[in-house]
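*Asks:* Here it is, the structure, as structure tokens.
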Amino acid sequence: MAHPRSFPRAASFAAILHLFDRHDEQWQRGRLWGPMQALVATFALVEPGRATSYQSACATANAWAGRLFDWDPVHAPDPAGFKRARDRVEEAESSALLRSAQDLAHRSVRARKKRHLCGLPVIAFDGSTLHMPRSPELVREYGVPKDSLGLETCHYPQARLMSAWDLERRIPIAWELGSYTDGERAMALDLLSHVPRGAVCVFDRGFPSREFFGEILNSGRHFVARMVSSEAAAWAEVTAFLKSGRRDAIVTVWVGTGEFRRQVRVRLILRSFDRGRPCKHQKRETMVIITSLTNAPLSARDLCRLYGERWGIETLYREMKAVAKIEQWHGRSKALVRQELILLLVWFCFAAIFATAACCSRSAVAGIQVEWRANTRRVFEAIASVMDAMLALLVDPQSAGELIRRADAAILCMCRWLLRRRPGRSFPRVPLHPYARRL
């Protein structure tokens with residue numbers, strides 16, 4: 001098989017294996033399971049794009065790392081032991097694995113990706129509703145929506161997932177899982193400490209408030225957000241801006257509350273829509289963008305494009321639900337649900353590394369500067385193949401040749417399935433589980 005010079009090989013991703021070696025065996029286990037073994041099996045359990053069970057996850061973990069963990073046919077991993085081991089893994093251990101994956105992703109992608117046009121990291125915040133398994137613990141923890149009479153409007157408990165993502169690199173920065181009644185603004189402010197100082201935080205129009213913007217500015221970060229433009233709910237400064245007839249202006253607004261209330265200068269932009277009818281599932285409405293980047297040499301179109309990058313987090317949520325099947329939980333307790341979510345975010349950290357390598361390879365082969373988008377399903381398939389090959393190479397280098405060839409073929413398939421980004425495309429928001437959500 002002829003490969004281009006810049007074609008990424010399976011061996012170039014060997015660093016991901018060392019993430020699973022950084023966990024000390026703290027359990028006094030008699031036979032088989034320890035924290036590292038349980039995390040590897042859970043990592044296989046939440047493999048995106050594949051229907052898994054405890055039995056199939058044990059088989060996959062055994063194929064990945066059976067020789068590494070000295071598992072033999074007599075003491076092969078069994079589903080019952082795996083279930084007990086998952087209950088003993090603390091969240092701090094899985095969170096440490098996620099932090100290691102985030103650091104690796106940032107190091108690997110930073111060398112290939114350039115900063116956004118504003119020269120600062122762009123972090124998008126948004127929340128999404130997840131339906132949980134019906135268990136007494138999850139019902140108490142997250143709650144079930146009810147109507148005015150106290151009757152349940154859906155069967156499953158609902159949780160709110162609030163997350164912050166590096167949009168340029170598609171790497172998760174921070175996340176929080178709470179009840180569906182928790183406010184998105186409060187949850188977003190809790191995640192600010194994980195965002196680098198000086199970053200640009202992008203929000204949809206449900207987030208802006210004077211107190212919210214004051215907290216962001218006090219933390220040393222910038223914001224780009226869409227404002228409510230209706231006459232009944234818009235800020236007085238936004239209403240005055242719309243009545244002035246201008247499309248780009250720097251105005252003074254009040255932010256903060258109480259003794260922290262102060263005036264700041266922000267930039268307001270009225271988006272200009274292209275001529276012609278709007279796309280399907282869209283409607284032409286007034287869109288006002290507010291930003292604290294008043295000194296940045298950015299045009300109005302650049303700032304509108306910067307806000308438009310926020311749609312990337314909607315795409316990530318769609319991939320988490322449609323491709324990774326995040327809502328098909330295997331555990332029925334709060335600890336197990338959070339554990340599966342953390343390990344799934346590890347998959348997305350690896351996906352950022354693989355997708356960036358594929359896009360850079362395709363750009364070099366084509367010889368033209370275009371922006372490529374990787375097929376997420378093919379990326380996850382390549383990750384699984386590389387895991388097979390690298391773990392086999394680590395245990396027995398002599399017998400890993402065929403698996404390495406399969407992994408290279410999976411990576412080449414990932415590179416061939418790249419698509420050019422097409423701006424302006426629109427998809428409707430349709431819930432995947434309408435019986436679990438309020439429509």
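Just so we're on the same page: first chain in the structure tokens is A, next is B, and so on; residues restart at 1 for each chain, and ligands are numbered from 1 in the order they show up.
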Report as a PyMOL selection string all protein, DNA and RNA residues lying within 7 Å of Trp254 (chain A), evaluated on only C-alpha atoms, omitting residues in the same chain fewer than 2 positions from it.

*Replies:* chain A and resi 210+256+261-264

*Asks:* Just asking: which residues within region 159-214 of chain A are alpha helix (DSSP H) according to DSSP, as a PyMOL selection string?

*Replies:* chain A and resi 184-191+210-214

*Asks:* At a cut-off of 8 Å, using only C-alpha atoms, what residues contact region 213-219 of chain A? Leave out same-chain residues fewer than 2 positions from it and give the result as a list in words.

*Replies:*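 Selected residues are Leu189, Leu192, Arg197, Pro208, Ser209, Arg210, Glu211, Arg221, His222, Phe223, Val255, Gly256 and Arg261 of chain A.
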
*Asks:* From the DSSP assignment of the backbone, select every residue of region 175-253 of chain A that is strand (DSSP E), and format the answer as a list of chain:residue names.

*Replies:*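 Everything in region 175-253 of chain A that counts as strand (DSSP E) is A:Trp175, A:Glu176, A:Leu177, A:Gly178, A:Ser179, A:Val200, A:Cys201, A:Val202, A:Phe203, A:His222, A:Phe223, A:Val224, A:Ala225, A:Arg226, A:Met227, A:Asp248, A:Ala249, A:Ile250, A:Val251, A:Thr252, A:Val253.
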
*Asks:* Take the selection from the previous step and output its residues with C-alpha atoms, as a compact mmCIF listing (two decimals), in the first residue's frame.

*Replies:*
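again_1.txt, written as the output of this step:
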# COMPACT_ATOMS: atom_id res chain seq x y z
CA TRP A 175 -17.49 20.07 32.20
CA GLU A 176 -20.13 19.89 34.90
CA LEU A 177 -23.17 17.66 35.27
CA GLY A 178 -26.11 18.92 37.29
CA SER A 179 -29.87 18.82 37.56
CA VAL A 200 -12.31 34.53 24.38
CA CYS A 201 -15.48 32.93 25.76
CA VAL A 202 -18.31 32.52 23.24
CA PHE A 203 -21.93 32.30 24.43
CA HIS A 222 -13.07 38.26 27.12
CA PHE A 223 -16.51 37.42 25.80
CA VAL A 224 -18.36 37.29 22.49
CA ALA A 225 -22.08 36.68 22.76
CA ARG A 226 -25.35 37.15 20.99
CA MET A 227 -27.76 39.58 22.60
CA ASP A 248 -21.01 48.73 14.29
CA ALA A 249 -20.44 50.88 17.36
CA ILE A 250 -18.54 51.03 20.63
CA VAL A 251 -20.89 51.85 23.49
CA THR A 252 -20.77 52.03 27.26
CA VAL A 253 -22.81 49.52 29.28
